[in-house]
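Peer 1: File name upload_25.pdb; file contents PDB, C-alpha atoms; full text below.
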```
ATOM      1  CA  MET A   1      23.885 -16.159  79.369
ATOM      2  CA  ASN A   2      23.422 -19.628  77.876
ATOM      3  CA  ILE A   3      20.680 -20.551  75.416
ATOM      4  CA  SER A   4      19.678 -24.150  74.717
ATOM      5  CA  PRO A   5      19.293 -25.372  72.045
ATOM      6  CA  HIS A   6      21.879 -23.254  70.252
ATOM      7  CA  TYR A   7      20.464 -20.576  67.966
ATOM      8  CA  ASN A   8      20.740 -20.801  64.190
ATOM      9  CA  ALA A   9      21.767 -17.163  63.793
ATOM     10  CA  LEU A  10      22.547 -14.139  65.947
ATOM     11  CA  ILE A  11      21.762 -10.677  64.567
ATOM     12  CA  LYS A  12      21.518  -7.122  65.891
ATOM     13  CA  ASP A  13      18.521  -4.826  65.518
ATOM     14  CA  PRO A  14      18.681  -0.980  65.191
ATOM     15  CA  ASP A  15      18.748  -0.643  69.009
ATOM     16  CA  ARG A  16      21.777  -2.991  69.126
ATOM     17  CA  ASN A  17      19.857  -5.794  70.785
ATOM     18  CA  ASP A  18      21.147  -9.293  70.129
ATOM     19  CA  ILE A  19      18.415 -11.306  68.409
ATOM     20  CA  ALA A  20      18.647 -15.096  68.527
ATOM     21  CA  VAL A  21      16.965 -16.747  65.550
ATOM     22  CA  PHE A  22      15.804 -20.359  65.526
ATOM     23  CA  TYR A  23      14.545 -22.380  62.564
ATOM     24  CA  PHE A  24      12.095 -25.181  63.346
ATOM     25  CA  SER A  25      11.256 -26.235  59.798
ATOM     26  CA  GLU A  26      11.774 -29.886  60.723
ATOM     27  CA  VAL A  27       9.475 -29.810  63.750
ATOM     28  CA  LYS A  28       6.491 -32.129  63.381
ATOM     29  CA  SER A  29       2.993 -31.283  64.541
ATOM     30  CA  GLY A  30       2.690 -32.014  68.263
ATOM     31  CA  GLN A  31       6.454 -32.255  68.768
ATOM     32  CA  LYS A  32       7.759 -30.366  71.806
ATOM     33  CA  ILE A  33      10.956 -28.307  71.906
ATOM     34  CA  ASN A  34      12.061 -26.419  75.006
ATOM     35  CA  LEU A  35      14.039 -23.183  74.723
ATOM     36  CA  VAL A  36      15.919 -22.574  77.960
ATOM     37  CA  MET A  37      17.817 -19.400  78.849
ATOM     38  CA  GLU A  38      20.195 -19.535  81.792
ATOM     39  CA  TYR A  39      21.816 -16.498  83.414
ATOM     40  CA  ASP A  40      24.850 -16.606  85.666
ATOM     41  CA  ILE A  41      24.905 -13.363  87.653
ATOM     42  CA  GLU A  42      27.769 -11.908  89.658
ATOM     43  CA  ILE A  43      26.702  -8.858  91.617
ATOM     44  CA  ASP A  44      28.986  -5.943  92.413
ATOM     45  CA  ASP A  45      27.897  -4.424  95.713
ATOM     46  CA  SER A  46      30.087  -1.352  95.345
ATOM     47  CA  ASP A  47      28.313   1.994  95.315
ATOM     48  CA  PHE A  48      29.306   4.990  93.225
ATOM     49  CA  PHE A  49      28.829   8.708  93.623
ATOM     50  CA  ILE A  50      27.476  10.795  90.777
ATOM     51  CA  SER A  51      28.203  14.492  90.663
ATOM     52  CA  PRO A  52      25.316  16.391  89.022
ATOM     53  CA  VAL A  53      27.792  18.976  87.721
ATOM     54  CA  GLU A  54      30.354  16.471  86.428
ATOM     55  CA  ALA A  55      27.611  14.390  84.811
ATOM     56  CA  GLU A  56      27.333  16.937  82.013
ATOM     57  CA  GLU A  57      31.046  17.249  81.337
ATOM     58  CA  LYS A  58      31.927  16.350  77.761
ATOM     59  CA  ASN A  59      33.271  12.921  76.975
ATOM     60  CA  ASP A  60      36.069  12.404  74.443
ATOM     61  CA  THR A  61      34.168   9.404  73.029
ATOM     62  CA  PRO A  62      30.462  10.300  73.252
ATOM     63  CA  GLU A  63      27.705   7.808  72.515
ATOM     64  CA  ALA A  64      26.794   7.682  68.851
ATOM     65  CA  ASN A  65      23.288   8.393  67.553
ATOM     66  CA  LEU A  66      22.085  10.139  70.686
ATOM     67  CA  GLU A  67      19.694  12.210  68.587
ATOM     68  CA  LYS A  68      17.220   9.333  68.278
ATOM     69  CA  TYR A  69      16.850   9.279  72.071
ATOM     70  CA  LEU A  70      15.778  12.927  72.068
ATOM     71  CA  LYS A  71      12.963  12.517  69.540
ATOM     72  CA  SER A  72       9.508  11.007  69.322
ATOM     73  CA  ASP A  73       9.222   7.401  68.151
ATOM     74  CA  SER A  74       6.617   4.637  68.005
ATOM     75  CA  ASP A  75       6.510   4.497  71.815
ATOM     76  CA  VAL A  76       7.059   8.124  72.807
ATOM     77  CA  ASP A  77       5.441  11.393  71.678
ATOM     78  CA  ILE A  78       7.308  14.398  73.066
ATOM     79  CA  GLU A  79       5.336  16.813  70.922
ATOM     80  CA  ASN A  80       2.198  16.127  72.949
ATOM     81  CA  LYS A  81       1.010  19.377  74.510
ATOM     82  CA  SER A  82       0.387  17.878  77.969
ATOM     83  CA  ILE A  83       3.821  16.233  78.040
ATOM     84  CA  LYS A  84       5.612  19.417  76.982
ATOM     85  CA  GLU A  85       3.750  21.513  79.545
ATOM     86  CA  ALA A  86       4.359  18.975  82.336
ATOM     87  CA  ALA A  87       8.066  18.769  81.525
ATOM     88  CA  GLN A  88       8.394  22.550  81.622
ATOM     89  CA  LYS A  89       6.487  22.773  84.909
ATOM     90  CA  ILE A  90       8.419  19.958  86.616
ATOM     91  CA  THR A  91      11.862  21.281  85.618
ATOM     92  CA  LYS A  92      11.116  25.000  85.970
ATOM     93  CA  GLY A  93      14.052  26.854  87.530
ATOM     94  CA  ILE A  94      16.389  23.844  87.220
ATOM     95  CA  ASN A  95      19.370  24.391  84.913
ATOM     96  CA  ASN A  96      21.284  21.157  85.468
ATOM     97  CA  GLN A  97      20.187  18.235  83.265
ATOM     98  CA  PHE A  98      20.957  15.611  85.904
ATOM     99  CA  SER A  99      18.798  17.473  88.426
ATOM    100  CA  LYS A 100      16.023  17.854  85.853
ATOM    101  CA  GLY A 101      15.937  14.092  85.455
ATOM    102  CA  LYS A 102      15.771  13.617  89.222
ATOM    103  CA  ALA A 103      12.877  16.103  89.427
ATOM    104  CA  ILE A 104      10.979  14.091  86.793
ATOM    105  CA  TYR A 105      11.693  10.860  88.673
ATOM    106  CA  ASN A 106      10.438  12.378  91.935
ATOM    107  CA  PHE A 107       7.309  13.683  90.200
ATOM    108  CA  ILE A 108       6.370  10.185  89.005
ATOM    109  CA  ALA A 109       7.237   8.551  92.330
ATOM    110  CA  ASN A 110       5.066  11.065  94.198
ATOM    111  CA  ASN A 111       2.124  11.342  91.817
ATOM    112  CA  ILE A 112       1.671   8.124  89.812
ATOM    113  CA  LYS A 113       0.121   5.035  91.384
ATOM    114  CA  TYR A 114       1.228   1.563  90.346
ATOM    115  CA  GLU A 115      -1.620  -0.436  88.840
ATOM    116  CA  ASN A 116      -1.307  -3.389  86.488
ATOM    117  CA  THR A 117      -4.587  -4.025  84.677
ATOM    118  CA  GLU A 118      -4.506  -6.881  82.186
ATOM    119  CA  GLN A 119      -4.811  -5.793  78.547
ATOM    120  CA  VAL A 120      -4.956  -2.130  79.618
ATOM    121  CA  SER A 121      -1.830  -1.142  81.511
ATOM    122  CA  GLY A 122       1.382  -1.223  79.546
ATOM    123  CA  PHE A 123      -0.267   0.149  76.432
ATOM    124  CA  GLN A 124      -1.155   3.590  77.758
ATOM    125  CA  SER A 125       0.357   6.639  76.126
ATOM    126  CA  ALA A 126       2.468   8.872  78.345
ATOM    127  CA  ASP A 127      -0.323  11.439  78.140
ATOM    128  CA  ASP A 128      -2.878   8.879  79.406
ATOM    129  CA  THR A 129      -0.647   7.859  82.316
ATOM    130  CA  LEU A 130      -0.133  11.508  83.205
ATOM    131  CA  TRP A 131      -3.897  12.118  83.168
ATOM    132  CA  LEU A 132      -4.966   8.871  84.881
ATOM    133  CA  LYS A 133      -2.142   9.125  87.451
ATOM    134  CA  LYS A 134      -1.718   5.340  87.384
ATOM    135  CA  GLY A 135      -0.105   2.630  85.280
ATOM    136  CA  ASN A 136       2.257  -0.315  85.318
ATOM    137  CA  CYS A 137       6.025  -0.426  84.815
ATOM    138  CA  ALA A 138       5.857   0.050  81.035
ATOM    139  CA  ASP A 139       3.511   3.022  81.433
ATOM    140  CA  MET A 140       5.739   4.675  84.033
ATOM    141  CA  ALA A 141       8.878   4.061  81.987
ATOM    142  CA  ARG A 142       7.174   5.551  78.919
ATOM    143  CA  LEU A 143       6.099   8.607  80.922
ATOM    144  CA  PHE A 144       9.575   9.149  82.353
ATOM    145  CA  ILE A 145      11.226   8.794  78.937
ATOM    146  CA  SER A 146       8.722  11.205  77.384
ATOM    147  CA  LEU A 147       9.259  13.862  80.051
ATOM    148  CA  ALA A 148      13.039  13.368  79.982
ATOM    149  CA  ARG A 149      13.294  13.709  76.202
ATOM    150  CA  ALA A 150      10.989  16.731  76.282
ATOM    151  CA  SER A 151      13.485  18.241  78.742
ATOM    152  CA  GLY A 152      16.469  17.562  76.478
ATOM    153  CA  ILE A 153      17.730  14.453  78.295
ATOM    154  CA  PRO A 154      18.527  11.387  76.136
ATOM    155  CA  ALA A 155      16.439   8.489  77.455
ATOM    156  CA  ARG A 156      15.583   4.987  76.307
ATOM    157  CA  ARG A 157      13.484   2.046  77.433
ATOM    158  CA  VAL A 158      14.911  -1.141  78.922
ATOM    159  CA  ASN A 159      13.099  -4.482  79.143
ATOM    160  CA  GLY A 160      14.218  -7.329  81.351
ATOM    161  CA  MET A 161      13.781  -8.931  84.746
ATOM    162  CA  VAL A 162      14.023  -7.960  88.378
ATOM    163  CA  PHE A 163      14.782 -10.698  90.867
ATOM    164  CA  SER A 164      14.949 -11.135  94.630
ATOM    165  CA  PRO A 165      17.862 -13.354  95.659
ATOM    166  CA  ASP A 166      17.804 -15.977  98.365
ATOM    167  CA  VAL A 167      21.228 -15.548  99.948
ATOM    168  CA  ASN A 168      20.954 -18.890 101.724
ATOM    169  CA  SER A 169      20.406 -21.055  98.657
ATOM    170  CA  ASN A 170      22.235 -18.763  96.201
ATOM    171  CA  LYS A 171      19.200 -18.999  93.915
ATOM    172  CA  SER A 172      16.597 -16.573  92.703
ATOM    173  CA  ILE A 173      13.412 -17.085  94.707
ATOM    174  CA  LYS A 174      11.328 -14.454  92.938
ATOM    175  CA  LYS A 175      11.590 -12.908  89.508
ATOM    176  CA  PHE A 176       9.251 -10.904  87.349
ATOM    177  CA  GLU A 177       9.312  -9.223  83.977
ATOM    178  CA  HIS A 178       9.887  -5.509  84.119
ATOM    179  CA  ALA A 179      10.444  -2.327  82.126
ATOM    180  CA  TRP A 180      12.430   0.710  83.191
ATOM    181  CA  ALA A 181      14.512   3.479  81.608
ATOM    182  CA  GLU A 182      18.081   4.630  81.121
ATOM    183  CA  VAL A 183      19.310   8.207  80.763
ATOM    184  CA  TYR A 184      22.560   9.358  79.198
ATOM    185  CA  PHE A 185      25.074  11.788  80.683
ATOM    186  CA  PRO A 186      28.445  12.302  78.956
ATOM    187  CA  LYS A 187      30.567  11.749  82.069
ATOM    188  CA  TYR A 188      28.963   8.453  83.088
ATOM    189  CA  GLY A 189      27.236   7.069  79.993
ATOM    190  CA  TRP A 190      23.878   5.305  80.310
ATOM    191  CA  LEU A 191      22.463   5.089  83.848
ATOM    192  CA  PRO A 192      19.322   3.202  84.940
ATOM    193  CA  VAL A 193      16.156   4.886  86.217
ATOM    194  CA  ASP A 194      13.324   2.769  87.600
ATOM    195  CA  PRO A 195      10.359   4.976  88.553
ATOM    196  CA  THR A 196       8.133   1.950  89.243
ATOM    197  CA  THR A 197      10.389   0.521  91.938
ATOM    198  CA  GLY A 198      10.734   4.038  93.322
ATOM    199  CA  VAL A 199       6.950   4.226  93.642
ATOM    200  CA  THR A 200       6.494   0.815  95.264
ATOM    201  CA  SER A 201       9.538   0.789  97.560
ATOM    202  CA  ARG A 202       9.918   4.543  98.166
ATOM    203  CA  GLU A 203      13.660   4.141  97.686
ATOM    204  CA  ASP A 204      15.850   6.076  95.284
ATOM    205  CA  TYR A 205      16.116   4.297  91.947
ATOM    206  CA  TYR A 206      17.362   7.259  89.959
ATOM    207  CA  CYS A 207      20.781   6.584  88.405
ATOM    208  CA  PHE A 208      21.396   3.648  90.717
ATOM    209  CA  ASN A 209      23.903   0.799  90.594
ATOM    210  CA  TYR A 210      22.606  -2.252  88.713
ATOM    211  CA  LYS A 211      22.101  -5.077  91.215
ATOM    212  CA  ILE A 212      18.751  -6.840  90.887
ATOM    213  CA  HIS A 213      17.871  -5.707  87.361
ATOM    214  CA  ILE A 214      18.795  -7.869  84.371
ATOM    215  CA  ARG A 215      18.803  -6.019  81.049
ATOM    216  CA  GLU A 216      17.519  -8.103  78.162
ATOM    217  CA  ASN A 217      16.703  -5.621  75.413
ATOM    218  CA  TYR A 218      16.299  -1.946  74.617
ATOM    219  CA  GLY A 219      13.459  -0.084  72.988
ATOM    220  CA  PRO A 220       9.704  -0.629  72.809
ATOM    221  CA  VAL A 221       8.420  -4.172  72.441
ATOM    222  CA  ASN A 222       6.214  -4.255  69.345
ATOM    223  CA  GLN A 223       4.128  -7.418  69.197
ATOM    224  CA  ARG A 224       3.303  -7.697  65.510
ATOM    225  CA  ASN A 225       2.046 -11.278  65.366
ATOM    226  CA  PRO A 226      -1.019 -12.652  67.203
ATOM    227  CA  GLY A 227       1.136 -15.386  68.702
ATOM    228  CA  SER A 228       3.937 -13.115  69.891
ATOM    229  CA  LEU A 229       4.831 -13.200  73.545
ATOM    230  CA  TYR A 230       6.787 -10.911  75.823
ATOM    231  CA  LYS A 231       7.889 -12.387  79.107
ATOM    232  CA  GLY A 232      11.148 -10.784  80.041
ATOM    233  CA  MET A 233      12.186 -11.070  76.417
ATOM    234  CA  TYR A 234      10.551 -10.759  73.039
ATOM    235  CA  ILE A 235       9.608 -13.866  71.097
ATOM    236  CA  GLU A 236       8.224 -13.588  67.567
ATOM    237  CA  THR A 237       7.211 -16.598  65.519
ATOM    238  CA  THR A 238       6.636 -16.677  61.801
ATOM    239  CA  THR A 239       5.065 -19.715  60.110
ATOM    240  CA  ARG A 240       5.820 -20.039  56.411
ATOM    241  CA  GLU A 241       3.136 -20.881  53.883
ATOM    242  CA  ASN A 242       4.649 -24.235  52.928
ATOM    243  CA  VAL A 243       5.090 -25.509  56.468
ATOM    244  CA  ASP A 244       2.534 -27.393  58.553
ATOM    245  CA  ARG A 245       0.632 -24.546  60.240
ATOM    246  CA  ALA A 246       0.143 -26.370  63.531
ATOM    247  CA  PRO A 247      -0.281 -24.145  66.626
ATOM    248  CA  ILE A 248       3.048 -23.262  68.238
ATOM    249  CA  SER A 249       3.267 -23.235  72.024
ATOM    250  CA  GLN A 250       5.668 -20.511  73.172
ATOM    251  CA  ASP A 251       6.350 -21.529  76.761
ATOM    252  CA  PHE A 252       9.939 -21.179  77.899
ATOM    253  CA  GLU A 253      11.995 -21.160  81.073
ATOM    254  CA  VAL A 254      14.358 -18.574  82.496
ATOM    255  CA  GLU A 255      16.723 -19.755  85.221
ATOM    256  CA  VAL A 256      18.979 -17.483  87.269
ATOM    257  CA  ASP A 257      21.936 -18.678  89.324
ATOM    258  CA  LEU A 258      23.719 -16.164  91.521
ATOM    259  CA  LEU A 259      27.461 -16.816  91.369
ATOM    260  CA  ASN A 260      28.252 -14.253  94.003
ATOM    261  CA  TRP A 261      26.038 -12.057  96.204
TER     262      TRP A 261
END
```
Re-express the file's structure as structure tokens.

Peer 2:
Amino acid sequence: MNISPHYNALIKDPDRNDIAVFYFSEVKSGQKINLVMEYDIEIDDSDFFISPVEAEEKNDTPEANLEKYLKSDSDVDIENKSIKEAAQKITKGINNQFSKGKAIYNFIANNIKYENTEQVSGFQSADDTLWLKKGNCADMARLFISLARASGIPARRVNGMVFSPDVNSNKSIKKFEHAWAEVYFPKYGWLPVDPTTGVTSREDYYCFNYKIHIRENYGPVNQRNPGSLYKGMYIETTTRENVDRAPISQDFEVEVDLLNW
């Protein structure tokens, strides 16, 4: 990934996301600055087999801080009565954690309808999505993570892009911002789960091989400022008191070149 212009600082947040920080204290009112992110993607077409039994085998170097992915947070409430009851019902009689996760994935794919309503979808609680039986990618990811954590499976949210490649021009011809999940199994580490794509395509996107998904950050996207924008990545602007408080336009470009498909 290349970012232009170059960032002033690069820091990590508690979810280990890389945060690029830019200072525009010298920018004059009306002056235009473009931030451009470029991705070079090389896709590995190899498939892999996951053994549900081996998935739970202990790893000599387990992931640290897994406990946080088994608890409620600002985006997920696993103590909700409806979520707990649904998780128990969906996974009843299943002893293997990998198979429990697949049962939750299948439940969402078979029962939740994709619907993206502006200023409504994406902000639903997992309980609301469960009751309404509809939601967008963020809603479905939140529901899956809630049910997975309530079933004892470490799960986290992923934000990024999904693209459709044009094999003739070696360029991305379609890309859109997306949210999905990842689950953790000791044998294999973090594996992606995309219930939304499973709903819309009816294909299996449970613990699949990353191909068309580009991970950009982990965890819920909390838009604290009125001018904040999420479009495949999180942008937060802060205007200091002693700086010209001119409106800041937050348009940016994301370009994807496929090096090998």

Peer 1: Counting all atoms listed in the file, which of A:Asn95, A:Ser72, A:Asn106, A:Thr197 gets nearest to Asn136 (chain A)?

Peer 2: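 Among A:Asn95, A:Ser72, A:Asn106, A:Thr197, it is A:Thr197 that comes nearest to Asn136 (chain A).
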
Peer 1: When you draw a straight line from CA of Ile104 (chain A) to CA of Ala86 (chain A), how long is it in Å?

Peer 2: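 Here the two named atoms are 9.4 Å from each other.
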
Peer 1: Tell me which protein, DNA and RNA residues are within 12 Å of Lys89 (chain A), counting only C-alpha atoms, leaving out same-chain ones fewer than 6 positions away, and put them as a VMD selection string.

Peer 2: chain A and resid 82 to 83 100 103 to 104 107 147 150 to 151

Peer 1: Any chance you can output those residues with C-alpha atoms as a tab-separated table (two decimals), keeping the file's coordinate frame?

Peer 2:
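Below is the file that was written, part37.tsv:
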```
chain	number	residue	atom	x	y	z
A	82	SER	CA	0.39	17.88	77.97
A	83	ILE	CA	3.82	16.23	78.04
A	100	LYS	CA	16.02	17.85	85.85
A	103	ALA	CA	12.88	16.10	89.43
A	104	ILE	CA	10.98	14.09	86.79
A	107	PHE	CA	7.31	13.68	90.20
A	147	LEU	CA	9.26	13.86	80.05
A	150	ALA	CA	10.99	16.73	76.28
A	151	SER	CA	13.48	18.24	78.74
```

Peer 1: Can you list what the PyMOL selection byres ((chain A and resi 48) around 12) grabs from this structure, as a list in words?

Peer 2: Asp44, Asp45, Ser46, Asp47, Phe49, Ile50, Ser51, Tyr188, Leu191, Cys207, Phe208, Asn209 and Tyr210 of chain A

Peer 1: Compute the distance from (21.5, 9.3, 79.8) to each atom, counting all atoms listed in the file, keep the residues with any atom at most 12 Å away, and return them as a PyMOL selection string; use the coordinates of the file.

Peer 2: chain A and resi 55-56+62-63+66-67+69-70+97-98+100-102+145+148-149+152-157+181-193+206-207

Peer 1: Nearest residue to Ile3 (chain A) out of A:Asn111, A:Asn34, A:Ser29, A:Thr117, using all atoms listed in the file?

Peer 2: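 Of all the options, A:Asn34 lies closest to Ile3 (chain A).
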
Peer 1: Using all atoms listed in the file, which residues sit within 6 Å of region 213-218 of chain A once same-chain residues fewer than 5 positions away are excluded, as a PyMOL selection string?

Peer 2: chain A and resi 17+157-162

Peer 1: Please provide as number ranges by chain all residues within 9 Å of Leu143 (chain A), with the sequence filter that same-chain residues fewer than 2 positions apart are discarded (counting only C-alpha atoms).

Peer 2: A: 76, 83, 108, 125-127, 129-130, 138-141, 145-148

Peer 1: Suppose you want the space between CA of Phe163 (chain A) and CA of His6 (chain A); what is it in Å?

Peer 2: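 Calculated distance between CA of Phe163 (chain A) and CA of His6 (chain A) is 25.2 Å.
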
Peer 1: From the set A:Glu115, A:Asp15, A:Asp194, A:Asp204, which residue has the shortest atom-to-atom contact distance to Asn65 (chain A), counting all atoms listed in the file?

Peer 2: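 Among A:Glu115, A:Asp15, A:Asp194, A:Asp204, it is A:Asp15 that comes nearest to Asn65 (chain A).
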
Peer 1: Find the spatial neighbours of Met1 (chain A), counting only C-alpha atoms, within a cut-off of 9 Å - ignore same-chain residues fewer than 2 positions away - and output them as a compact mmCIF listing (two decimals) with C-alpha atoms, keeping the file's coordinate frame.

Peer 2:
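Full text of selection01.txt as output:
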```txt
# COMPACT_ATOMS: atom_id res chain seq x y z
CA ILE A 3 20.68 -20.55 75.42
CA MET A 37 17.82 -19.40 78.85
CA GLU A 38 20.20 -19.54 81.79
CA TYR A 39 21.82 -16.50 83.41
CA ASP A 40 24.85 -16.61 85.67
CA ILE A 41 24.90 -13.36 87.65
```

Peer 1: For the atom pair CA of Cys137 (chain A) and CA of Ala179 (chain A), what is the interatomic distance in Å to one decimal place?

Peer 2: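 Separation between CA of Cys137 (chain A) and CA of Ala179 (chain A): 5.5 Å.
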